[in-house]
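Heads up: the structure comes next, in structure tokens.
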Amino acid sequence: MKKGFSFYLLLLSLFVAVSAGAQDTTITYLRNPEGRIREHNVDYLKMVLNVKFNTAEGKVIGDVKYEFRPIQYVVDTLFLDAPGIDIKKVTLDGKDVAFTTDSAGLTIRFYQPMSWNKKYDLEIKYEVSPRKGLYFIGWNVNAKNTGKDPYFTRKQIWTQGEGEDNRFWFPCYDDVDDKMVTETIITFDSAYTVISNGELKDKKHNADGTLTWHYAMSKPMVPYLVMIAIDKYAYKDYVSKGGVLSREYYYSDRPETVIPTYKHSAEMMDFLSNETGFHYPWEQYSNTPVQDFMYGAMENTTATIYGDFLLVDQRAAIDRDYEGVNAHELTHQWFGDCITAYSWQHLWLHESFATYYSKQFMCKMHGEDQYEWARRGEAMAAISAEKNDRFPISSTKAGTARIYPKGSFVLDMLRYVVGDSVFKRSITHYLQKHAYQNVTGNDFMMAFMETAGVNLDWFFDEWIYRAGLPNYSVKYERLKDNVVFYVAQTQKTDELTGLFKMPIVFEVHFKDGSGASKKVWLSSANDTVYVSATPGSIVDYALFDPGSMVLKNVDFKKGFDELGAQLVKGKNMIDRYDALVGLRDIGLDQKRDLLIAVFNDKGYSVIQNEIIKQLAKDSTSSTMGLMARALMDKDFSTRRAVVENLETIPDVLLPEVERLLKDSSYITIEVTLRKLVKLYPAKTQTYLDATQGVRGMAENVRLAWLEISAGDSVTAVANNHKFEKQIVPFTSNQYEFRTRIKAMDALERLKYSDKDLIYNLFNAALYNNSRLSNPAMKLLKTILKRPEQLQAGKEVLAANKWKDWEKKALDGYFK
């Protein structure tokens with residue numbers, strides 16, 4: 001799972017808590033609430049899952065069949081995860097067998113022990129109204145989307161199994177250390193499209209107006225990757241040069257989203273097959289959007305689903321698109337689906353690889369500068385994580401920042417250490433040897449030994465099995481025949497973090513245009529490195545690890561002249577950026593001309609935007625000229641950077657800023673509207689007139705427009721809270737979760753509440769998506785602190801019908 005590439009701050013945790021790190025789920029997976037250790041005593045060979053749905057009741061009516069064989073000498077009891085599932089009947093080889101259920105699942109007791117390695121057929125009939133794993137979206141919303149509103153709620157069913165949630169909608173051995181071939185048979189209203197894993201083998205019309213869809217896999221996979229998605233979909237097929245079909249689904253009422261969302265899908269397939277040396281391992285592939293998805297996307301085998309906030313038209317794609325996420329999830333078809341970690345301790349074997357290959361594909365499509373900036377994002381995420389706690393990548397407590405970006409950077413370093421040919425050859429061997437099997441980190445390490453005789457014990461010990469990263473303190477001096485570097489590793493060393501052994505390039509550039517470099521393996525607390533230099537040559541600038549190939553903190557102080565030379569002449573974008581960051585503490589008068597000259601060279605947007613940030617408080621005419629050019633830049637982020645960084649907008653820039661109210665970027669429009677209204681309140685109505693009717697992404701512009709229109713408290717009362725009341729419906733379950741959150745935020749800033757809002761917040765607080773429920777709960781607690789709203793909340797609670805668990809949860813707000 002992933003959100004994507006330049007979005008590492010938005011990486012979505014498999015275990016929800018992004019900033020706090022993933023939970024240690026080892027105990028959860030191995031024990032049920034009664035404390036009984038669940039034995040893996042049989043090998044599941046095949047599963048046939050047959051389901052239909054009662055959407056009014058949110059119910060699954062299912063029949064699941066397993067073919068299995070015992071792998072222990074004596075097996076007389078079998079446990080399957082099935083919390084909350086109503087088991088109707090269990091048969092073994094066609095005969096009824098005794099069973100019991102508890103809060104964890106289903107225990108089957110056989111009349112006599114089963115024979116070792118003999119195959120058996122188990123069938124379980126059941127019903128369940130799941131609160132996890134399978135989700136009924138929009139079926140309890142009465143309003144109709146008459147205007148084809150892209151943010152209005154849809155009617156859907158979809159599933160999310162990873163890590164342990166498929167157990168809530170069908171009985172299964174819900175862990176990662178067993179694989180089986182699966183078939184899914186789903187019966188549903190014929191007006192809808194049903195999607196599942198594998199190839200569609202059959203589609204049968206039934207007399208009651210339903211269709212039965214029969215999907216089948218030919219190769220084994222783990223149970224958490226079983227999926228279903230149902231909506232009124234259409235699709236477009238892309239075929240790679242290697243002959244692999246990618247069926248890209250979209251909402252049938254939004255055909256304008258197909259090309260912006262699925263661009264480069266065929267190229268991704270060919271890229272990954274070529275880069276890994278291993279052909280796509282399944283029959284075909286598909287992508288399917290779903291509403292209110294709690295993550296970015298999920299790599300179900302052959303059938304990825306993703307949040308429909310990434311299903312975008314051409315204009316919305318300016319601010320956010322699916323390309324990086326698409327590449328990430330496709331990579332999982334190799335790493336995570338074809339080969340699967342033996343336990344969650346090795347989750348990095350899925351997510352680090354998917355993040356790494358997505359980054360590589362984005363480099364191919366968008367260039368080296370974006371690749372370097374993505375690596376910097378990974379490095380900053382890893383460094384930030386180390387400030388919070390100290391866990392290895394291989395720990396179940398590693399957290400998102402280590403499993404995704406740090407692991408991706410580590411794979412970059414591994415390739416840097418062993419070289420391209422050894423890396424690619426070892427990856428191919430790793431995939432070929434372990435295809436459709438479970439793996440550990442040691443299997444990956446051994447692929448390098450088996451392929452090229454490379455022993456990487458030290459590398460895996462430093463970067464995978466231990467915590468931390470190197471802190472380098474660097475100084476240099478010019479001697480007669482050398483430039484001498486003095487390097488110290490200053491990180492705390494203990495049983496978790498040691499001294500790091502890594503190859504570092506030292507590069508010296510001289511004012512006469514010549515240069516010298518030397519690669520040295522550093523491994524000591526203190527190292528001295530000599531780089532040969534022509535006598536009399538003057539150092540222009542020096543680089544420690546040019547291109548930032550090694551993950552690290554570094555303290556390497558430089559003066560203005562050296563930073564300026566590096567900014568202007570550095571070969572790598574990231575080295576130029578580092579020089580620019582080094583200039584932050586330099587006075588405006590000293591650096592202004594340099595920054596303007598660099599900006600005029602039209603470099604990468606990250607550098608342009610950093611220059612804007614550093615010059616934002618400068619009012620000279622030359623800087624105003626730069627800002628005017630930036631406001632007309634073809635890059636939306638550069639145009640927006642001016643508005644975001646200027647504390648005031650000089651009159652000379654005002655016309656250009658006002659033009660951004662018609663910008664192609666919806667986010668830029670919102671940012672500009674809010675800034676202009678704040679700085680020029682007398683022109684508020686003019687700005688509102690200019691943006692009236694613009695909706696934006698997840699209604700961002702429309703909601704900003706309504707919030708600004710509400711005005712201050714005096715105006716709001718005079719208008720009888722007209723505009724606040726228009727915002728309230730956007731918090732209801734008639735809209736997808738991002739729109740609801742934006743509306744909640746607006747009403748919180750306006751300090752407005754009524755009974756309709758409270759009811760909508762009750763609904764949101766009970767929702768399965770924590771990205772919606774958490775802010776709803778927070779706002780509810782704030783609102784109910786007011787005595788008059790507390791009474792209103794009690795009245796709303798009493799006036800509506802709630803399920804027992806809902807009533808119990810909502811009662812908690814009044815205690």
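Labeling convention for the structure tokens: chains A, B, ... as they appear, residues from 1 per chain, ligands from 1 in order of appearance.
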
I'd like the neighbourhood of stretch 132-136 of chain A as JSON, numbers by chain, where a residue qualifies if any of its atoms comes within 6 Å (using only C-alpha atoms), though same-chain residues fewer than 2 positions away should be ignored. {"A": [130, 157, 158, 159, 160, 161, 165, 166, 168]}

Please extract the residues of stretch 21-209 of chain A with a backbone DSSP assignment of strand (DSSP E) and present them as a compact mmCIF listing (two decimals) with N, CA, C and O atoms, in the first residue's frame.
```
# COMPACT_ATOMS: atom_id res chain seq x y z
N VAL A 42 -2.26 -27.06 9.06
CA VAL A 42 -2.63 -27.59 7.75
C VAL A 42 -2.11 -26.66 6.67
O VAL A 42 -1.86 -25.48 6.91
N ASP A 43 -1.97 -27.20 5.47
CA ASP A 43 -1.55 -26.42 4.32
C ASP A 43 -2.78 -26.22 3.43
O ASP A 43 -3.36 -27.19 2.92
N TYR A 44 -3.20 -24.95 3.29
CA TYR A 44 -4.37 -24.66 2.47
C TYR A 44 -3.95 -24.60 1.00
O TYR A 44 -3.04 -23.86 0.62
N LEU A 45 -4.61 -25.38 0.18
CA LEU A 45 -4.25 -25.49 -1.23
C LEU A 45 -5.15 -24.65 -2.13
O LEU A 45 -4.68 -24.07 -3.11
N LYS A 46 -6.44 -24.60 -1.78
CA LYS A 46 -7.38 -23.90 -2.65
C LYS A 46 -8.54 -23.38 -1.83
O LYS A 46 -8.96 -24.00 -0.84
N MET A 47 -9.07 -22.24 -2.23
CA MET A 47 -10.26 -21.67 -1.61
C MET A 47 -11.24 -21.27 -2.70
O MET A 47 -10.85 -20.66 -3.70
N VAL A 48 -12.51 -21.61 -2.51
CA VAL A 48 -13.58 -21.14 -3.38
C VAL A 48 -14.56 -20.38 -2.49
O VAL A 48 -15.20 -20.97 -1.61
N LEU A 49 -14.68 -19.08 -2.72
CA LEU A 49 -15.50 -18.21 -1.90
C LEU A 49 -16.71 -17.77 -2.72
O LEU A 49 -16.57 -17.15 -3.78
N ASN A 50 -17.90 -18.09 -2.23
CA ASN A 50 -19.16 -17.79 -2.93
C ASN A 50 -19.98 -16.87 -2.03
O ASN A 50 -20.38 -17.27 -0.93
N VAL A 51 -20.23 -15.63 -2.48
CA VAL A 51 -20.93 -14.67 -1.63
C VAL A 51 -22.01 -13.92 -2.39
O VAL A 51 -21.95 -13.75 -3.61
N LYS A 52 -23.00 -13.49 -1.64
CA LYS A 52 -23.98 -12.52 -2.11
C LYS A 52 -24.24 -11.56 -0.95
O LYS A 52 -23.80 -11.81 0.19
N PHE A 53 -24.97 -10.48 -1.23
CA PHE A 53 -25.06 -9.41 -0.24
C PHE A 53 -26.50 -8.93 -0.06
O PHE A 53 -27.30 -8.90 -0.99
N ASN A 54 -26.80 -8.53 1.18
CA ASN A 54 -28.01 -7.80 1.50
C ASN A 54 -27.56 -6.38 1.83
O ASN A 54 -27.10 -6.10 2.94
N LYS A 59 -25.15 -6.93 4.97
CA LYS A 59 -24.89 -8.33 5.34
C LYS A 59 -24.24 -9.09 4.18
O LYS A 59 -24.58 -8.91 3.01
N VAL A 60 -23.32 -10.00 4.54
CA VAL A 60 -22.71 -10.95 3.62
C VAL A 60 -23.29 -12.33 3.89
O VAL A 60 -23.32 -12.78 5.04
N ILE A 61 -23.77 -12.99 2.85
CA ILE A 61 -24.23 -14.37 2.96
C ILE A 61 -23.24 -15.20 2.16
O ILE A 61 -23.12 -15.03 0.93
N GLY A 62 -22.48 -16.04 2.85
CA GLY A 62 -21.35 -16.68 2.20
C GLY A 62 -21.25 -18.17 2.38
O GLY A 62 -21.82 -18.77 3.30
N ASP A 63 -20.50 -18.76 1.46
CA ASP A 63 -20.15 -20.17 1.49
C ASP A 63 -18.69 -20.25 1.04
O ASP A 63 -18.36 -19.84 -0.08
N VAL A 64 -17.81 -20.71 1.92
CA VAL A 64 -16.41 -20.80 1.57
C VAL A 64 -15.95 -22.25 1.67
O VAL A 64 -16.27 -22.96 2.63
N LYS A 65 -15.23 -22.70 0.65
CA LYS A 65 -14.72 -24.08 0.60
C LYS A 65 -13.19 -24.04 0.57
O LYS A 65 -12.61 -23.23 -0.15
N TYR A 66 -12.60 -24.92 1.36
CA TYR A 66 -11.15 -25.04 1.38
C TYR A 66 -10.74 -26.47 1.05
O TYR A 66 -11.34 -27.43 1.56
N GLU A 67 -9.74 -26.58 0.21
CA GLU A 67 -9.05 -27.86 0.04
C GLU A 67 -7.73 -27.74 0.78
O GLU A 67 -6.98 -26.78 0.59
N PHE A 68 -7.43 -28.70 1.68
CA PHE A 68 -6.22 -28.60 2.49
C PHE A 68 -5.67 -29.99 2.78
O PHE A 68 -6.34 -31.01 2.55
N ARG A 69 -4.46 -29.99 3.31
CA ARG A 69 -3.87 -31.25 3.78
C ARG A 69 -3.13 -30.96 5.08
O ARG A 69 -2.50 -29.91 5.23
N PRO A 70 -3.21 -31.87 6.04
CA PRO A 70 -2.49 -31.69 7.30
C PRO A 70 -0.99 -31.67 7.08
O PRO A 70 -0.45 -32.41 6.24
N VAL A 75 -3.79 -34.23 13.43
CA VAL A 75 -4.61 -33.02 13.42
C VAL A 75 -6.05 -33.44 13.67
O VAL A 75 -6.66 -34.11 12.85
N ASP A 76 -6.59 -33.05 14.83
CA ASP A 76 -7.99 -33.35 15.11
C ASP A 76 -8.82 -32.09 15.36
O ASP A 76 -10.02 -32.17 15.59
N THR A 77 -8.14 -30.92 15.32
CA THR A 77 -8.80 -29.64 15.55
C THR A 77 -8.24 -28.61 14.58
O THR A 77 -7.05 -28.61 14.29
N LEU A 78 -9.11 -27.77 14.08
CA LEU A 78 -8.69 -26.74 13.15
C LEU A 78 -9.32 -25.40 13.57
O LEU A 78 -10.52 -25.33 13.85
N PHE A 79 -8.51 -24.37 13.62
CA PHE A 79 -9.01 -23.04 13.97
C PHE A 79 -8.90 -22.12 12.76
O PHE A 79 -7.88 -22.07 12.09
N LEU A 80 -9.98 -21.36 12.50
CA LEU A 80 -9.99 -20.35 11.46
C LEU A 80 -10.38 -19.01 12.07
O LEU A 80 -11.28 -18.94 12.92
N ASP A 81 -9.73 -17.95 11.63
CA ASP A 81 -10.10 -16.61 12.08
C ASP A 81 -11.48 -16.27 11.53
O ASP A 81 -11.70 -16.33 10.31
N ASP A 86 -21.33 -15.37 11.97
CA ASP A 86 -22.36 -16.33 12.36
C ASP A 86 -22.20 -17.58 11.50
O ASP A 86 -22.57 -17.60 10.32
N ILE A 87 -21.63 -18.61 12.07
CA ILE A 87 -21.38 -19.85 11.33
C ILE A 87 -22.66 -20.69 11.34
O ILE A 87 -23.19 -21.05 12.39
N LYS A 88 -23.13 -21.02 10.15
CA LYS A 88 -24.38 -21.78 10.02
C LYS A 88 -24.15 -23.28 9.94
O LYS A 88 -24.91 -24.07 10.52
N LYS A 89 -23.10 -23.68 9.23
CA LYS A 89 -22.89 -25.11 9.02
C LYS A 89 -21.44 -25.34 8.58
O LYS A 89 -20.88 -24.54 7.85
N VAL A 90 -20.86 -26.46 9.05
CA VAL A 90 -19.51 -26.84 8.64
C VAL A 90 -19.52 -28.30 8.24
O VAL A 90 -20.05 -29.15 8.98
N THR A 91 -18.96 -28.63 7.09
CA THR A 91 -18.85 -30.02 6.65
C THR A 91 -17.42 -30.32 6.24
O THR A 91 -16.70 -29.44 5.75
N LEU A 92 -17.01 -31.57 6.46
CA LEU A 92 -15.72 -32.06 6.01
C LEU A 92 -15.97 -33.24 5.08
O LEU A 92 -16.62 -34.22 5.49
N LYS A 95 -19.60 -34.26 5.07
CA LYS A 95 -20.26 -34.70 6.30
C LYS A 95 -20.18 -33.59 7.37
O LYS A 95 -19.15 -32.94 7.52
N ASP A 96 -21.28 -33.42 8.09
CA ASP A 96 -21.31 -32.42 9.14
C ASP A 96 -20.25 -32.71 10.20
O ASP A 96 -20.01 -33.88 10.55
N ALA A 98 -18.56 -31.11 14.10
CA ALA A 98 -18.84 -30.24 15.25
C ALA A 98 -17.93 -29.02 15.20
O ALA A 98 -16.78 -29.08 14.75
N PHE A 99 -18.46 -27.92 15.70
CA PHE A 99 -17.67 -26.69 15.75
C PHE A 99 -18.16 -25.82 16.89
O PHE A 99 -19.29 -25.94 17.37
N THR A 100 -17.28 -24.94 17.31
CA THR A 100 -17.62 -23.90 18.28
C THR A 100 -17.06 -22.58 17.79
O THR A 100 -16.13 -22.54 16.98
N THR A 101 -17.63 -21.49 18.28
CA THR A 101 -17.12 -20.17 17.93
C THR A 101 -16.85 -19.37 19.21
O THR A 101 -17.46 -19.61 20.25
N GLY A 105 -12.91 -16.56 16.54
CA GLY A 105 -13.18 -17.28 15.32
C GLY A 105 -13.83 -18.63 15.52
O GLY A 105 -14.58 -18.87 16.47
N LEU A 106 -13.49 -19.53 14.64
CA LEU A 106 -14.15 -20.82 14.48
C LEU A 106 -13.18 -21.94 14.81
O LEU A 106 -12.09 -22.03 14.25
N THR A 107 -13.59 -22.85 15.73
CA THR A 107 -12.82 -24.05 16.04
C THR A 107 -13.61 -25.26 15.58
O THR A 107 -14.75 -25.46 15.99
N ILE A 108 -13.00 -26.06 14.73
CA ILE A 108 -13.65 -27.25 14.17
C ILE A 108 -13.01 -28.48 14.81
O ILE A 108 -11.79 -28.59 14.85
N ARG A 109 -13.87 -29.37 15.30
CA ARG A 109 -13.37 -30.59 15.95
C ARG A 109 -13.79 -31.80 15.12
O ARG A 109 -14.98 -32.06 14.94
N PHE A 110 -12.79 -32.51 14.65
CA PHE A 110 -13.06 -33.63 13.76
C PHE A 110 -13.30 -34.90 14.58
O PHE A 110 -12.75 -35.08 15.68
N TYR A 111 -14.12 -35.80 14.03
CA TYR A 111 -14.49 -37.02 14.76
C TYR A 111 -13.29 -37.95 14.91
O TYR A 111 -13.22 -38.73 15.86
N GLN A 112 -12.37 -37.91 13.99
CA GLN A 112 -11.14 -38.70 14.11
C GLN A 112 -10.00 -37.92 13.48
O GLN A 112 -10.22 -37.09 12.60
N PRO A 113 -8.79 -38.15 13.97
CA PRO A 113 -7.65 -37.40 13.45
C PRO A 113 -7.50 -37.59 11.94
O PRO A 113 -7.78 -38.67 11.40
N MET A 114 -7.06 -36.53 11.28
CA MET A 114 -6.86 -36.60 9.83
C MET A 114 -5.48 -37.16 9.52
O MET A 114 -4.54 -37.02 10.29
N TYR A 120 -8.23 -32.92 2.07
CA TYR A 120 -9.59 -32.87 2.60
C TYR A 120 -10.31 -31.63 2.04
O TYR A 120 -9.68 -30.64 1.67
N ASP A 121 -11.63 -31.73 2.01
CA ASP A 121 -12.46 -30.61 1.55
C ASP A 121 -13.33 -30.12 2.70
O ASP A 121 -14.13 -30.89 3.27
N LEU A 122 -13.19 -28.86 3.03
CA LEU A 122 -13.93 -28.24 4.12
C LEU A 122 -14.87 -27.19 3.53
O LEU A 122 -14.49 -26.42 2.65
N GLU A 123 -16.12 -27.16 4.01
CA GLU A 123 -17.09 -26.17 3.55
C GLU A 123 -17.74 -25.50 4.75
O GLU A 123 -18.14 -26.17 5.71
N ILE A 124 -17.85 -24.17 4.69
CA ILE A 124 -18.42 -23.40 5.80
C ILE A 124 -19.48 -22.45 5.23
O ILE A 124 -19.19 -21.65 4.34
N LYS A 125 -20.69 -22.55 5.74
CA LYS A 125 -21.75 -21.62 5.38
C LYS A 125 -21.89 -20.62 6.52
O LYS A 125 -21.90 -21.02 7.70
N TYR A 126 -22.06 -19.35 6.17
CA TYR A 126 -22.03 -18.33 7.22
C TYR A 126 -22.78 -17.07 6.78
O TYR A 126 -23.10 -16.89 5.59
N GLU A 127 -23.03 -16.20 7.74
CA GLU A 127 -23.55 -14.86 7.50
C GLU A 127 -22.81 -13.90 8.42
O GLU A 127 -22.41 -14.28 9.52
N VAL A 128 -22.66 -12.65 7.97
CA VAL A 128 -21.98 -11.66 8.80
C VAL A 128 -22.34 -10.26 8.33
O VAL A 128 -22.55 -10.03 7.14
N LEU A 134 -14.84 -5.66 4.84
CA LEU A 134 -15.74 -5.43 3.70
C LEU A 134 -16.66 -4.28 4.07
O LEU A 134 -17.23 -4.25 5.17
N TYR A 135 -16.82 -3.34 3.13
CA TYR A 135 -17.51 -2.09 3.44
C TYR A 135 -18.64 -1.82 2.45
O TYR A 135 -18.45 -1.92 1.23
N PHE A 136 -19.81 -1.50 3.00
CA PHE A 136 -20.96 -1.09 2.21
C PHE A 136 -20.98 0.44 2.21
O PHE A 136 -21.20 1.07 3.25
N ILE A 137 -20.76 1.05 1.06
CA ILE A 137 -20.65 2.51 0.96
C ILE A 137 -21.90 3.07 0.29
O ILE A 137 -22.27 2.66 -0.82
N GLN A 156 -21.45 1.48 -3.33
CA GLN A 156 -20.34 0.56 -3.59
C GLN A 156 -20.27 -0.53 -2.53
O GLN A 156 -20.79 -0.37 -1.42
N ILE A 157 -19.58 -1.59 -2.88
CA ILE A 157 -19.06 -2.56 -1.92
C ILE A 157 -17.60 -2.77 -2.28
O ILE A 157 -17.26 -2.93 -3.45
N TRP A 158 -16.73 -2.71 -1.29
CA TRP A 158 -15.32 -3.02 -1.53
C TRP A 158 -14.68 -3.60 -0.27
O TRP A 158 -15.24 -3.50 0.82
N THR A 159 -13.54 -4.21 -0.46
CA THR A 159 -12.87 -4.89 0.64
C THR A 159 -11.47 -4.32 0.84
O THR A 159 -10.87 -3.75 -0.06
N VAL A 181 -4.49 -21.16 -4.00
CA VAL A 181 -5.18 -20.73 -5.22
C VAL A 181 -6.61 -20.39 -4.85
O VAL A 181 -7.24 -21.11 -4.07
N THR A 182 -7.14 -19.29 -5.38
CA THR A 182 -8.47 -18.85 -4.98
C THR A 182 -9.41 -18.71 -6.18
O THR A 182 -8.98 -18.45 -7.30
N GLU A 183 -10.68 -18.90 -5.87
CA GLU A 183 -11.76 -18.55 -6.78
C GLU A 183 -12.78 -17.74 -6.00
O GLU A 183 -13.03 -18.01 -4.82
N THR A 184 -13.36 -16.75 -6.64
CA THR A 184 -14.41 -15.95 -6.00
C THR A 184 -15.63 -15.93 -6.91
O THR A 184 -15.51 -15.67 -8.12
N ILE A 185 -16.78 -16.22 -6.32
CA ILE A 185 -18.05 -16.26 -7.05
C ILE A 185 -18.97 -15.27 -6.35
O ILE A 185 -19.31 -15.45 -5.17
N ILE A 186 -19.35 -14.22 -7.05
CA ILE A 186 -20.10 -13.13 -6.43
C ILE A 186 -21.38 -12.89 -7.21
O ILE A 186 -21.36 -12.72 -8.44
N THR A 187 -22.50 -12.86 -6.50
CA THR A 187 -23.80 -12.60 -7.13
C THR A 187 -24.29 -11.23 -6.69
O THR A 187 -24.32 -10.92 -5.49
N PHE A 188 -24.68 -10.41 -7.69
CA PHE A 188 -25.10 -9.05 -7.36
C PHE A 188 -25.99 -8.51 -8.48
O PHE A 188 -26.07 -9.06 -9.58
N ASP A 189 -26.63 -7.39 -8.19
CA ASP A 189 -27.48 -6.66 -9.12
C ASP A 189 -26.77 -6.51 -10.48
O ASP A 189 -25.64 -6.04 -10.56
N THR A 193 -21.01 -3.57 -11.93
CA THR A 193 -19.84 -4.36 -12.31
C THR A 193 -19.19 -4.91 -11.06
O THR A 193 -19.03 -4.20 -10.06
N VAL A 194 -18.81 -6.18 -11.10
CA VAL A 194 -18.15 -6.84 -9.97
C VAL A 194 -16.73 -7.21 -10.38
O VAL A 194 -16.51 -7.80 -11.44
N ILE A 195 -15.77 -6.86 -9.55
CA ILE A 195 -14.36 -7.09 -9.84
C ILE A 195 -13.76 -7.91 -8.72
O ILE A 195 -14.06 -7.68 -7.54
N SER A 196 -12.91 -8.87 -9.08
CA SER A 196 -12.21 -9.67 -8.07
C SER A 196 -10.89 -10.14 -8.64
O SER A 196 -10.48 -9.75 -9.74
N GLU A 199 -8.76 -14.07 -13.41
CA GLU A 199 -9.49 -13.95 -14.66
C GLU A 199 -10.98 -14.17 -14.44
O GLU A 199 -11.38 -15.00 -13.62
N LEU A 200 -11.78 -13.43 -15.19
CA LEU A 200 -13.22 -13.64 -15.17
C LEU A 200 -13.52 -14.87 -16.02
O LEU A 200 -13.40 -14.84 -17.25
N LYS A 201 -13.90 -15.97 -15.38
CA LYS A 201 -14.14 -17.23 -16.07
C LYS A 201 -15.57 -17.36 -16.60
O LYS A 201 -15.81 -18.02 -17.60
N ASP A 202 -16.51 -16.70 -15.90
CA ASP A 202 -17.90 -16.88 -16.29
C ASP A 202 -18.72 -15.72 -15.73
O ASP A 202 -18.38 -15.16 -14.67
N LYS A 203 -19.79 -15.38 -16.42
CA LYS A 203 -20.73 -14.37 -15.95
C LYS A 203 -22.13 -14.86 -16.32
O LYS A 203 -22.48 -14.93 -17.50
N LYS A 204 -22.92 -15.20 -15.31
CA LYS A 204 -24.21 -15.86 -15.54
C LYS A 204 -25.37 -14.97 -15.11
O LYS A 204 -25.39 -14.44 -14.00
N HIS A 205 -26.36 -14.80 -16.00
CA HIS A 205 -27.57 -14.04 -15.69
C HIS A 205 -28.55 -14.93 -14.92
O HIS A 205 -28.78 -16.09 -15.28
```

Looking at only C-alpha atoms, which of A:Leu594, A:Ala630, A:Ile305, A:Val520 is the one that sits closest to A:Val417? A:Val520

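Of the residues listed (A:Ser240, A:Ser523, A:Ala704, A:Phe485), A:Phe485 shows the shortest atom-to-atom separation from A:Phe506; distances use only C-alpha atoms.
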
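When atom CA of A:Leu522 is paired with atom CA of A:Lys501, their separation reads 5.5 Å.
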
Set the distance at 12 Å and use only C-alpha atoms: which residues neighbour A:Asn274 once local chain neighbours fewer than 2 positions away are removed? I'd like the list as a PyMOL selection string. chain A and resi 240-242+267-272+276-280+357+361+424-425+427-428

Quick one: everything within 10 Å of A:Asn142, counting only C-alpha atoms, minus sequence neighbours fewer than 4 positions away in the same chain. Send it as a ChimeraX atom specification. /A:138,733-734

Generate the output file for the selected residues, N, CA, C and O atoms, as a PDB file, in the first residue's frame.
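Generated output (result_16.pdb):
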```
ATOM      1  N   GLY A 138     -22.569   4.000   0.958  1.00  0.00           N
ATOM      2  CA  GLY A 138     -23.628   4.771   0.328  1.00  0.00           C
ATOM      3  C   GLY A 138     -24.998   4.136   0.260  1.00  0.00           C
ATOM      4  O   GLY A 138     -25.947   4.757  -0.238  1.00  0.00           O
ATOM      5  N   ASN A 733     -23.154  12.230   5.033  1.00  0.00           N
ATOM      6  CA  ASN A 733     -22.719  11.040   4.293  1.00  0.00           C
ATOM      7  C   ASN A 733     -23.150  11.055   2.841  1.00  0.00           C
ATOM      8  O   ASN A 733     -22.966  10.071   2.119  1.00  0.00           O
ATOM      9  N   GLN A 734     -23.696  12.185   2.374  1.00  0.00           N
ATOM     10  CA  GLN A 734     -23.962  12.337   0.950  1.00  0.00           C
ATOM     11  C   GLN A 734     -22.680  12.621   0.171  1.00  0.00           C
ATOM     12  O   GLN A 734     -22.678  12.557  -1.055  1.00  0.00           O
TER      13      GLN A 734
END
```

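Distances from A:Pro650, A:Pro289, A:Pro281, A:Gly696 to A:Arg315 were compared using only C-alpha atoms, and the smallest one belongs to A:Gly696.
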
Closest pair table for stretch 421-496 of chain A residues within 12 Å of stretch 328-334 of chain A, only C-alpha atoms, as a tab-separated table:
```
residue	atom	partner	partner_atom	distance
A:Ile427	CA	A:Trp334	CA	10.8
A:Thr428	CA	A:Trp334	CA	10.8
A:Tyr430	CA	A:Trp334	CA	10.8
A:Leu431	CA	A:Trp334	CA	7.7
A:Gln432	CA	A:Trp334	CA	10.5
A:His434	CA	A:Trp334	CA	10.6
A:Ala435	CA	A:Trp334	CA	8.5
A:Tyr436	CA	A:Trp334	CA	9.3
A:Gln437	CA	A:Trp334	CA	11.3
```

Residue contacts of A:Phe730 (10 Å, only C-alpha atoms) excluding same-chain residues fewer than 4 positions away, as a VMD selection string: chain A and resid 151 to 152 698 to 699 703 725 to 726 734 to 744 757 760

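Taking atom CA of A:Ile574 as the reference point, atom CA of A:His366 is found at 15.5 Å.
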
In Å, how far is it from atom CA of A:Phe556 to atom CA of A:Val508? 13.8 Å

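Excluding A:Lys519 itself and same-chain residues fewer than 2 positions from it, the residues having an atom within 12 Å of it are Val417, Met502, Pro503, Ile504, Val505, Phe506, Glu507, Val508, Ala516, Ser517, Trp521, Leu522, Val529, Tyr530, Val531, Leu543, Phe544, Asp545 and Pro546 of chain A, counting only C-alpha atoms.
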
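Considering only C-alpha atoms, the residue among A:Asn438, A:Ser709, A:Thr691, A:Thr355 positioned nearest to A:Arg402 is A:Thr355.
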
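For the residues A:His509, A:Gly58, A:Leu567, A:Glu462, ranking by smallest atom-to-atom distance to A:Asp601 using only C-alpha atoms places A:Leu567 first.
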
Please return as a VMD selection string: the residues of stretch 503-608 of chain A that backbone DSSP assigns to alpha helix (DSSP H). chain A and resid 560 to 569 573 to 582 588 to 600 605 to 608
